[in-house]
file coords.cif (mmCIF, C-alpha atoms)
data_query
loop_
_atom_site.label_atom_id
_atom_site.label_comp_id
_atom_site.auth_asym_id
_atom_site.auth_seq_id
_atom_site.Cartn_x
_atom_site.Cartn_y
_atom_site.Cartn_z
CA MET A 1 -59.78 92.36 223.46
CA GLU A 2 -56.16 91.32 224.05
CA PHE A 3 -56.73 87.97 222.31
CA ILE A 4 -57.79 89.85 219.14
CA LEU A 5 -54.45 91.66 219.18
CA TYR A 6 -52.70 88.29 219.69
CA LEU A 7 -54.48 86.90 216.62
CA ALA A 8 -53.51 89.89 214.47
CA ILE A 9 -49.85 89.62 215.55
CA ILE A 10 -49.79 85.84 215.00
CA ILE A 11 -51.35 85.97 211.52
CA VAL A 12 -49.14 88.78 210.20
CA SER A 13 -45.93 87.36 211.73
CA THR A 14 -46.48 83.79 210.48
CA LYS A 15 -47.34 84.89 206.95
CA ALA A 16 -44.36 87.27 206.78
CA ALA A 17 -41.94 84.76 208.35
CA GLY A 18 -43.26 81.94 206.15
CA ALA A 19 -42.78 84.02 202.98
CA LEU A 20 -39.24 84.99 204.08
CA SER A 21 -38.42 81.35 204.81
CA VAL A 22 -39.53 80.28 201.30
CA ARG A 23 -37.48 83.11 199.78
CA LEU A 24 -34.43 81.72 201.61
CA GLY A 25 -35.09 78.23 200.21
CA GLN A 26 -36.57 76.74 203.40
CA PRO A 27 -40.07 75.35 204.10
CA ALA A 28 -42.59 78.03 205.11
CA VAL A 29 -43.35 76.12 208.30
CA LEU A 30 -39.81 76.75 209.61
CA GLY A 31 -40.36 80.51 209.42
CA LYS A 32 -43.70 80.14 211.18
CA LEU A 33 -42.14 78.15 214.02
CA LEU A 34 -39.36 80.72 214.42
CA ALA A 35 -41.97 83.52 214.42
CA GLY A 36 -43.38 81.99 217.62
CA ILE A 37 -39.98 82.30 219.29
CA VAL A 38 -39.51 85.92 218.14
CA ILE A 39 -42.95 87.25 219.16
CA GLY A 40 -43.08 85.09 222.31
CA PRO A 41 -41.55 85.49 225.80
CA ALA A 42 -38.07 84.47 224.58
CA VAL A 43 -37.51 87.66 222.49
CA LEU A 44 -40.16 90.40 222.04
CA GLY A 45 -42.80 89.19 224.51
CA TRP A 46 -45.71 90.40 222.36
CA VAL A 47 -47.67 87.14 222.73
CA LYS A 48 -47.75 85.02 225.88
CA PRO A 49 -49.03 81.43 226.16
CA ASP A 50 -52.49 81.28 227.76
CA ASP A 51 -55.69 79.22 227.60
CA PHE A 52 -56.84 81.02 224.45
CA ILE A 53 -53.60 80.17 222.62
CA GLY A 54 -53.78 76.61 223.96
CA HIS A 55 -57.33 76.00 222.71
CA PHE A 56 -56.76 77.59 219.30
CA SER A 57 -53.51 75.67 218.78
CA GLU A 58 -55.24 72.40 219.72
CA ILE A 59 -57.90 73.03 217.08
CA GLY A 60 -55.12 73.98 214.64
CA VAL A 61 -53.19 70.74 214.97
CA LEU A 62 -56.40 68.68 214.78
CA LEU A 63 -57.40 70.43 211.54
CA LEU A 64 -53.88 69.99 210.17
CA MET A 65 -54.00 66.22 210.74
CA PHE A 66 -57.62 66.03 209.50
CA ILE A 67 -56.50 67.61 206.21
CA ALA A 68 -53.57 65.16 206.10
CA GLY A 69 -56.07 62.30 206.42
CA LEU A 70 -58.21 63.77 203.63
CA GLU A 71 -55.17 63.86 201.34
CA THR A 72 -53.80 60.42 202.26
CA ASP A 73 -53.96 57.65 199.69
CA LEU A 74 -55.56 54.81 201.69
CA GLU A 75 -54.37 52.18 199.23
CA GLN A 76 -50.80 53.46 199.57
CA LEU A 77 -51.18 53.40 203.36
CA ARG A 78 -52.32 49.76 203.23
CA LYS A 79 -49.41 48.80 200.98
CA ASN A 80 -46.89 50.39 203.33
CA TRP A 81 -48.04 48.87 206.64
CA LYS A 82 -44.90 46.71 206.93
CA PRO A 83 -42.46 49.62 206.46
CA SER A 84 -44.60 51.71 208.85
CA PHE A 85 -44.25 49.10 211.61
CA ALA A 86 -40.53 48.70 210.94
CA VAL A 87 -39.94 52.47 210.99
CA ALA A 88 -41.95 52.86 214.20
CA PHE A 89 -40.10 49.98 215.90
CA GLY A 90 -36.66 51.29 214.91
CA GLY A 91 -37.73 54.80 215.87
CA ILE A 92 -38.58 53.57 219.38
CA LEU A 93 -35.71 51.16 220.02
CA LEU A 94 -32.72 53.40 219.20
CA PRO A 95 -34.03 56.59 220.87
CA PHE A 96 -34.85 54.59 224.02
CA ILE A 97 -31.31 53.18 224.19
CA GLY A 98 -29.79 56.59 223.37
CA GLY A 99 -31.94 58.46 225.91
CA TYR A 100 -31.21 55.95 228.65
CA GLY A 101 -27.48 56.12 227.92
CA ILE A 102 -27.20 59.92 227.85
CA ALA A 103 -29.28 60.24 231.03
CA GLY A 104 -26.94 57.81 232.80
CA ALA A 105 -23.93 59.82 231.60
CA PHE A 106 -25.38 62.93 233.29
CA GLY A 107 -25.89 61.08 236.57
CA LEU A 108 -29.67 60.65 236.49
CA SER A 109 -31.13 57.74 238.45
CA ASN A 110 -32.14 54.50 236.71
CA ASN A 111 -35.85 55.43 236.82
CA GLU A 112 -35.20 58.92 235.48
CA ALA A 113 -32.99 57.49 232.71
CA LEU A 114 -35.72 55.02 231.70
CA PHE A 115 -38.23 57.84 231.52
CA LEU A 116 -35.98 60.09 229.42
CA GLY A 117 -35.40 57.17 227.05
CA LEU A 118 -39.16 56.71 226.70
CA LEU A 119 -39.74 60.43 226.17
CA LEU A 120 -37.32 60.42 223.22
CA CYS A 121 -39.34 57.57 221.63
CA ALA A 122 -42.30 59.90 221.00
CA THR A 123 -43.03 61.22 217.52
CA SER A 124 -45.38 63.95 216.35
CA VAL A 125 -45.54 64.27 212.58
CA SER A 126 -47.79 67.33 212.38
CA ILE A 127 -44.78 69.50 211.39
CA SER A 128 -43.54 66.85 208.93
CA VAL A 129 -47.04 66.73 207.44
CA GLN A 130 -46.93 70.45 206.70
CA THR A 131 -43.46 70.16 205.13
CA LEU A 132 -44.57 67.20 202.99
CA LYS A 133 -47.68 69.15 201.91
CA GLU A 134 -45.55 72.11 200.83
CA MET A 135 -43.43 69.75 198.69
CA ASN A 136 -46.44 67.80 197.32
CA LYS A 137 -45.03 64.65 198.93
CA LEU A 138 -47.80 63.80 201.38
CA GLN A 139 -49.23 61.10 199.09
CA SER A 140 -45.83 59.67 198.17
CA ARG A 141 -44.66 56.29 199.46
CA GLU A 142 -42.36 58.09 201.91
CA GLY A 143 -45.17 60.35 203.12
CA THR A 144 -47.67 57.56 203.76
CA THR A 145 -44.99 55.47 205.51
CA ILE A 146 -44.22 58.38 207.86
CA LEU A 147 -47.93 58.83 208.64
CA GLY A 148 -48.47 55.11 209.23
CA ALA A 149 -45.36 54.89 211.43
CA ALA A 150 -46.57 57.85 213.50
CA VAL A 151 -49.84 56.05 214.31
CA VAL A 152 -48.00 52.88 215.37
CA ASP A 153 -45.43 54.92 217.33
CA ASP A 154 -48.13 56.79 219.25
CA VAL A 155 -49.92 53.60 220.32
CA LEU A 156 -46.72 51.79 221.35
CA VAL A 157 -45.31 54.76 223.28
CA VAL A 158 -48.57 55.26 225.23
CA ILE A 159 -48.60 51.56 226.17
CA LEU A 160 -44.91 51.68 227.18
CA LEU A 161 -45.58 54.80 229.26
CA ALA A 162 -48.40 53.04 231.09
CA VAL A 163 -46.21 49.97 231.73
CA MET A 164 -43.39 52.17 233.02
CA MET A 165 -45.71 54.19 235.28
CA SER A 166 -47.20 51.02 236.75
CA PHE A 167 -43.73 49.71 237.68
CA LEU A 168 -41.88 52.91 238.62
CA VAL A 169 -44.60 55.01 240.30
CA PRO A 170 -45.78 53.36 243.55
CA ALA A 171 -49.21 55.05 243.64
CA SER A 172 -49.97 54.24 240.01
CA ASP A 173 -52.96 51.92 239.57
CA ILE A 174 -52.81 51.55 235.77
CA SER A 175 -54.24 48.33 234.37
CA ILE A 176 -52.15 47.29 231.36
CA GLY A 177 -54.89 44.96 230.10
CA LEU A 178 -57.47 47.75 230.24
CA LEU A 179 -55.09 50.13 228.49
CA ILE A 180 -54.40 47.76 225.59
CA GLY A 181 -58.11 46.92 225.44
CA LYS A 182 -58.97 50.62 225.03
CA LYS A 183 -56.49 50.93 222.15
CA LEU A 184 -58.00 47.91 220.38
CA LEU A 185 -61.50 49.25 221.03
CA PHE A 186 -60.50 52.61 219.53
CA PHE A 187 -59.34 51.09 216.24
CA LEU A 188 -62.37 48.77 216.08
CA VAL A 189 -64.90 51.57 216.71
CA ILE A 190 -63.11 54.06 214.42
CA GLY A 191 -62.88 51.45 211.65
CA LEU A 192 -66.59 50.61 211.87
CA ALA A 193 -67.63 54.27 212.21
CA GLY A 194 -65.51 55.24 209.20
CA TRP A 195 -67.01 52.45 207.13
CA LEU A 196 -70.68 52.56 208.23
CA LEU A 197 -71.51 55.83 210.00
CA VAL A 198 -69.44 58.57 208.34
CA PRO A 199 -70.86 58.14 204.78
CA ARG A 200 -74.43 57.95 206.11
CA PHE A 201 -73.95 60.96 208.40
CA LEU A 202 -72.56 63.11 205.57
CA LYS A 203 -75.35 62.01 203.22
CA TRP A 204 -77.98 62.85 205.86
CA PHE A 205 -76.40 66.15 206.94
CA ALA A 206 -75.55 67.59 203.50
CA PRO A 207 -79.13 68.40 202.28
CA LEU A 208 -80.13 70.32 205.45
CA ARG A 209 -81.34 73.82 204.61
CA VAL A 210 -78.65 75.73 206.48
CA THR A 211 -75.31 77.14 205.35
CA GLU A 212 -72.14 75.06 204.91
CA THR A 213 -73.64 71.74 205.97
CA VAL A 214 -70.96 69.55 204.36
CA MET A 215 -68.07 71.39 205.97
CA SER A 216 -69.90 71.42 209.32
CA ALA A 217 -70.40 67.67 209.09
CA GLY A 218 -66.67 67.23 208.37
CA LEU A 219 -65.78 69.26 211.46
CA ILE A 220 -68.22 67.29 213.61
CA ILE A 221 -66.61 64.03 212.47
CA CYS A 222 -63.09 65.40 213.01
CA PHE A 223 -63.76 66.64 216.55
CA ALA A 224 -65.79 63.58 217.54
CA PHE A 225 -63.05 61.18 216.40
CA SER A 226 -60.40 63.32 218.14
CA TYR A 227 -62.30 63.39 221.42
CA PHE A 228 -62.90 59.64 221.29
CA ALA A 229 -59.19 59.04 220.64
CA ASP A 230 -58.26 61.16 223.64
CA GLU A 231 -60.75 59.30 225.84
CA MET A 232 -59.18 56.00 224.74
CA GLY A 233 -55.70 57.24 225.70
CA ILE A 234 -54.52 57.93 222.13
CA ALA A 235 -53.41 61.36 220.89
CA GLY A 236 -56.29 63.39 219.49
CA ILE A 237 -54.29 64.00 216.29
CA ILE A 238 -54.57 60.26 215.49
CA GLY A 239 -58.37 60.53 215.77
CA ALA A 240 -58.37 63.59 213.50
CA PHE A 241 -56.18 61.78 210.97
CA ALA A 242 -58.55 58.78 211.03
CA ALA A 243 -61.52 61.14 210.54
CA GLY A 244 -59.85 62.63 207.48
CA ILE A 245 -59.28 59.18 205.98
CA ALA A 246 -62.93 58.25 206.65
CA VAL A 247 -64.26 61.40 204.95
CA SER A 248 -61.82 60.94 202.04
CA GLN A 249 -63.62 57.69 201.13
CA THR A 250 -66.90 59.55 200.52
CA PRO A 251 -68.09 61.68 197.54
CA PHE A 252 -67.83 64.75 199.82
CA LYS A 253 -64.04 64.60 200.14
CA HIS A 254 -63.18 67.47 197.77
CA GLU A 255 -65.86 69.82 199.08
CA VAL A 256 -64.79 69.30 202.70
CA GLU A 257 -61.13 69.72 201.78
CA ALA A 258 -61.68 72.86 199.70
CA LYS A 259 -63.69 74.60 202.40
CA ILE A 260 -61.79 73.50 205.51
CA GLU A 261 -58.31 74.50 204.32
CA PRO A 262 -59.03 78.28 204.22
CA ILE A 263 -60.31 78.25 207.81
CA ALA A 264 -57.47 76.06 209.06
CA TYR A 265 -54.59 77.89 207.37
CA THR A 266 -55.93 81.40 207.90
CA LEU A 267 -56.63 81.18 211.62
CA PHE A 268 -56.05 78.01 213.61
CA VAL A 269 -52.92 76.40 212.12
CA PRO A 270 -50.83 79.63 212.44
CA VAL A 271 -51.68 79.72 216.16
CA PHE A 272 -50.51 76.09 216.49
CA PHE A 273 -47.16 76.85 214.83
CA VAL A 274 -46.61 79.93 217.00
CA SER A 275 -47.63 78.11 220.21
CA ILE A 276 -44.61 75.80 219.88
CA GLY A 277 -42.19 78.73 219.95
CA LEU A 278 -44.04 80.36 222.87
CA HIS A 279 -42.78 77.59 225.18
CA ILE A 280 -39.19 78.74 224.76
CA THR A 281 -37.51 80.86 227.42
CA PHE A 282 -33.77 81.25 227.84
CA GLU A 283 -33.76 81.51 231.65
CA GLY A 284 -31.21 79.16 233.23
CA VAL A 285 -30.35 77.62 229.87
CA GLY A 286 -26.64 78.42 230.27
CA GLU A 287 -26.32 76.04 233.22
CA GLN A 288 -27.69 73.09 231.22
CA LEU A 289 -26.47 74.00 227.74
CA LEU A 290 -24.35 70.85 227.38
CA PHE A 291 -27.29 68.66 228.47
CA ILE A 292 -29.63 70.36 225.96
CA VAL A 293 -27.16 70.11 223.06
CA LEU A 294 -26.23 66.46 223.67
CA VAL A 295 -29.78 65.25 224.31
CA THR A 296 -30.98 67.08 221.17
CA LEU A 297 -28.23 65.40 219.12
CA VAL A 298 -29.11 61.98 220.56
CA ALA A 299 -32.84 62.60 219.99
CA ALA A 300 -32.33 63.61 216.35
CA VAL A 301 -29.68 61.06 215.35
CA THR A 302 -31.30 58.01 217.00
CA LYS A 303 -34.73 58.76 215.51
CA LEU A 304 -33.24 59.40 212.08
CA LEU A 305 -31.16 56.20 212.19
CA GLY A 306 -33.85 54.06 213.83
CA GLY A 307 -36.57 55.09 211.37
CA GLY A 308 -34.11 55.03 208.47
CA VAL A 309 -32.91 51.48 209.20
CA GLY A 310 -36.52 50.29 209.51
CA ALA A 311 -37.30 51.81 206.09
CA ARG A 312 -34.11 50.42 204.51
CA LEU A 313 -34.86 46.89 205.74
CA THR A 314 -38.31 47.02 204.13
CA GLY A 315 -37.21 47.99 200.63
CA PHE A 316 -36.58 51.75 200.50
CA ASN A 317 -33.38 53.07 198.96
CA ASN A 318 -30.82 54.93 201.09
CA ARG A 319 -32.06 58.46 200.39
CA SER A 320 -35.72 57.62 200.94
CA SER A 321 -34.84 55.75 204.14
CA VAL A 322 -32.98 58.72 205.61
CA ALA A 323 -35.82 61.06 204.55
CA ILE A 324 -38.35 58.82 206.33
CA GLY A 325 -36.14 58.83 209.43
CA ALA A 326 -35.96 62.62 209.25
CA GLY A 327 -39.76 62.82 209.05
CA MET A 328 -39.95 61.05 212.43
CA VAL A 329 -37.48 63.35 214.25
CA SER A 330 -39.99 65.95 215.50
CA ARG A 331 -41.28 65.15 219.01
CA GLY A 332 -43.87 67.94 219.09
CA GLU A 333 -46.85 68.04 221.41
CA VAL A 334 -46.79 64.27 222.10
CA ALA A 335 -43.43 64.53 223.90
CA LEU A 336 -44.56 67.67 225.75
CA ILE A 337 -47.53 65.73 227.16
CA ILE A 338 -45.21 62.88 228.24
CA ALA A 339 -42.81 65.40 229.83
CA ALA A 340 -45.67 66.94 231.83
CA THR A 341 -46.68 63.44 232.98
CA GLY A 342 -43.10 62.75 234.09
CA LEU A 343 -42.91 66.02 236.01
CA GLU A 344 -46.16 65.23 237.81
CA SER A 345 -45.09 61.70 238.73
CA GLY A 346 -41.54 62.63 239.77
CA LEU A 347 -39.86 60.67 236.95
CA LEU A 348 -38.63 63.92 235.40
CA LEU A 349 -36.90 66.33 237.79
CA GLU A 350 -38.15 69.92 237.75
CA LYS A 351 -34.66 71.29 236.99
CA TYR A 352 -34.61 69.27 233.74
CA PHE A 353 -38.17 70.06 232.64
CA THR A 354 -37.35 73.33 230.78
CA SER A 355 -34.33 71.67 229.15
CA VAL A 356 -36.44 68.76 227.93
CA VAL A 357 -39.06 71.17 226.54
CA LEU A 358 -36.25 72.95 224.66
CA VAL A 359 -35.02 69.61 223.28
CA VAL A 360 -38.54 68.83 222.04
CA ILE A 361 -38.82 72.23 220.36
CA LEU A 362 -35.34 71.99 218.81
CA THR A 363 -36.18 68.59 217.27
CA THR A 364 -39.33 70.20 215.87
CA LEU A 365 -37.36 73.13 214.42
CA ILE A 366 -34.72 71.00 212.67
CA THR A 367 -37.23 68.63 211.06
CA PRO A 368 -38.59 70.87 208.21
CA PRO A 369 -35.22 71.94 206.70
CA LEU A 370 -33.77 68.44 207.16
CA LEU A 371 -36.76 66.79 205.49
CA LYS A 372 -36.82 69.30 202.65
CA GLN A 373 -33.10 68.91 201.97
CA LEU A 374 -33.29 65.11 201.89
CA LEU A 375 -36.34 64.98 199.64
CA LYS A 376 -34.84 67.64 197.38
CA GLU A 377 -31.64 65.60 197.03
CA ARG A 378 -33.71 62.54 196.26
CA GLN A 379 -35.59 64.40 193.50
CA THR A 380 -32.29 65.73 192.07
CA GLY A 381 -30.78 62.27 192.17
CA GLN A 382 -33.64 60.85 190.14
#

call {"tool": "encode", "arguments": {"input": "coords.cif", "output": "structure tokens"}}
result
Amino acid sequence: MEFILYLAIIIVSTKAAGALSVRLGQPAVLGKLLAGIVIGPAVLGWVKPDDFIGHFSEIGVLLLMFIAGLETDLEQLRKNWKPSFAVAFGGILLPFIGGYGIAGAFGLSNNEALFLGLLLCATSVSISVQTLKEMNKLQSREGTTILGAAVVDDVLVVILLAVMMSFLVPASDISIGLLIGKKLLFFLVIGLAGWLLVPRFLKWFAPLRVTETVMSAGLIICFAFSYFADEMGIAGIIGAFAAGIAVSQTPFKHEVEAKIEPIAYTLFVPVFFVSIGLHITFEGVGEQLLFIVLVTLVAAVTKLLGGGVGARLTGFNNRSSVAIGAGMVSRGEVALIIAATGLESGLLLEKYFTSVVLVVILTTLITPPLLKQLLKERQTGQ
């Protein structure tokens, strides 16, 4: 029954830390992320990362992005496709140059420097989504641009990773054509399924004489889209986000949203927030402290500037542009997956793996307060 104790500790610590964070004028999500560090191996050691935590946190982040899709204004997303592409492009170009440069300064080989540059290109907006939700900004022009940019960023980074692996790893047999084809197939199938299948499935499933049919149908769609995305080489969170958008175009949107949020935010999402902090340990950090600090600075500043410049060039004012850049800073689980791939292929040395994980977590921790401060200033300025 140890996992039951884990759940009790996670729920009480995230709610308490979230409430304290709000009282101190910060987003609740920041407190929840810090709770993971405190109750995890880094401080108290009450909760340790295991398969149970991994599975629950995966469900948590999928539900979080599914809810984000449900709440996204599709028309606003269509209007902002140009800024989304510009933000994604800027948010890949500058971090790549910055990562390559800082890796070279620390004496890493050319291949290792290229990989670190690519790793810093990743973006995971699940934490930004929660911050935007707390501020009622998820449906704003800034919010939809961040979400759109995250989708573009994920696709481009996965393709770049495949290209890099095919050139830098001798045993790699990746077909670039097949990889791009799978991405195109994903968007084609998801688009058609969202338009033709999802409304029919919900309409057929809803009248069944069992409990909670509408919410069950929503979960089936969410998990099916997520699994398909993963099979096509795209992050499962993109599939969950697409599923949310598809369901939001049906008459069942509000029922699904109202019933799925209590389950998500009571149980699964808190485990996801805590799981990020559980990866932190302070063993051997002293030896690479300078590396961690400088790479974190480069990761944050280049993403903020790259995304911000892309937004500025497509019509946003200065404050909104910087806020959009800030929303792209978190690397989250996407970068952790890339780091694990690099470790396995030899493009990321084992001695740097823990440091890179810390950099990823630090970028995730600084995103909520940074985003809140920038959006708060923007509101005050108006």

call {"tool": "residues_around", "arguments": {"input": "coords.cif", "residues": "range 359-370 of chain A", "least_positions_apart": "2", "cutoff": "9 Å", "atoms": "all atoms listed in the file", "output": "number ranges by chain"}}
result
A: 26-30, 33-34, 120, 124, 127-128, 130-132, 276-277, 279-280, 292-293, 295-297, 299-300, 323, 326-333, 335-336, 354-357, 372-375

call {"tool": "resolve_selection", "arguments": {"input": "coords.cif", "expression": "the PyMOL selection byres ((chain A and resi 144-153) around 9)", "output": "PyMOL selection string"}}
result
chain A and resi 68+72-74+76-78+80-89+91-92+121-125+128-129+137-143+154-158+238+307+311+324-325+327-328

call {"tool": "residues_around", "arguments": {"input": "coords.cif", "residues": "Leu108 in chain A", "least_positions_apart": "5", "cutoff": "12 Å", "atoms": "all atoms listed in the file", "output": "VMD selection string"}}
result
chain A and resid 99 to 103 113 to 117 291 347 to 349 351 to 352

call {"tool": "atom_distance", "arguments": {"input": "coords.cif", "atom1": "CA of Glu71 in chain A", "atom2": "CA of Phe52 in chain A"}}
result
28.8 Å

call {"tool": "atom_distance", "arguments": {"input": "coords.cif", "atom1": "CA of Val309 in chain A", "atom2": "CA of Leu294 in chain A"}}
result
21.9 Å

call {"tool": "residues_near_point", "arguments": {"input": "coords.cif", "point": "(-55.6, 61.3, 212.4)", "cutoff": "12 Å", "atoms": "all atoms listed in the file", "output": "number ranges by chain"}}
result
A: 61-72, 124-126, 129, 147-148, 150-152, 154, 187, 190, 221-230, 234-247

call {"tool": "resolve_selection", "arguments": {"input": "coords.cif", "expression": "the PyMOL selection byres ((chain A and resi 49) around 7)", "output": "list in words"}}
result
Val47, Lys48, Asp50, Ile53, Ser275 and Leu278 of chain A

call {"tool": "closest_residue", "arguments": {"input": "coords.cif", "among": "A:Thr281, A:Ser321, A:Thr14, A:Ser345", "to": "Gly90 in chain A", "atoms": "all atoms listed in the file"}}
result
A:Ser321

call {"tool": "atom_distance", "arguments": {"input": "coords.cif", "atom1": "CA of Pro251 in chain A", "atom2": "CA of Leu192 in chain A"}}
result
18.2 Å

call {"tool": "closest_residue", "arguments": {"input": "coords.cif", "among": "A:Phe201, A:Phe252, A:Phe96, A:Phe273", "to": "Gly36 in chain A", "atoms": "all atoms listed in the file"}}
result
A:Phe273

call {"tool": "resolve_selection", "arguments": {"input": "coords.cif", "expression": "the PyMOL selection byres ((chain A and resi 8) around 12)", "output": "list in words"}}
result
Met1, Glu2, Phe3, Ile4, Leu5, Tyr6, Leu7, Ile9, Ile10, Ile11, Val12, Ser13, Thr14, Lys15, Ile39, Trp46, Val47, Thr266, Leu267, Pro270 and Val271 of chain A

call {"tool": "write_last_selection", "arguments": {"input": "coords.cif", "atoms": "C-alpha atoms", "output": "tab-separated table (two decimals), in the coordinates of the input"}}
result
chain	number	residue	atom	x	y	z
A	1	MET	CA	-59.78	92.36	223.46
A	2	GLU	CA	-56.16	91.32	224.05
A	3	PHE	CA	-56.73	87.97	222.31
A	4	ILE	CA	-57.79	89.85	219.14
A	5	LEU	CA	-54.45	91.66	219.18
A	6	TYR	CA	-52.70	88.29	219.69
A	7	LEU	CA	-54.48	86.90	216.62
A	9	ILE	CA	-49.85	89.62	215.55
A	10	ILE	CA	-49.79	85.84	215.00
A	11	ILE	CA	-51.35	85.97	211.52
A	12	VAL	CA	-49.14	88.78	210.20
A	13	SER	CA	-45.93	87.36	211.73
A	14	THR	CA	-46.48	83.79	210.48
A	15	LYS	CA	-47.34	84.89	206.95
A	39	ILE	CA	-42.95	87.25	219.16
A	46	TRP	CA	-45.71	90.40	222.36
A	47	VAL	CA	-47.67	87.14	222.73
A	266	THR	CA	-55.93	81.40	207.90
A	267	LEU	CA	-56.63	81.18	211.62
A	270	PRO	CA	-50.83	79.63	212.44
A	271	VAL	CA	-51.68	79.72	216.16

call {"tool": "closest_residue", "arguments": {"input": "coords.cif", "among": "A:Ala19, A:Ile260, A:Leu371, A:Leu358", "to": "Gln288 in chain A", "atoms": "only C-alpha atoms"}}
result
A:Leu358

call {"tool": "closest_residue", "arguments": {"input": "coords.cif", "among": "A:Leu160, A:Val301, A:Leu343, A:Val38", "to": "Ala17 in chain A", "atoms": "only C-alpha atoms"}}
result
A:Val38

call {"tool": "closest_residue", "arguments": {"input": "coords.cif", "among": "A:Phe353, A:Pro262, A:Lys183, A:Ala339", "to": "Leu119 in chain A", "atoms": "all atoms listed in the file"}}
result
A:Ala339

call {"tool": "residues_around", "arguments": {"input": "coords.cif", "residues": "Thr250 in chain A", "least_positions_apart": "2", "cutoff": "10 Å", "atoms": "only C-alpha atoms", "output": "list in words"}}
result
Gly194, Trp195, Val198, Pro199, Arg200, Leu202, Lys203, Ile245, Ala246, Val247, Ser248, Phe252, Lys253 and His254 of chain A
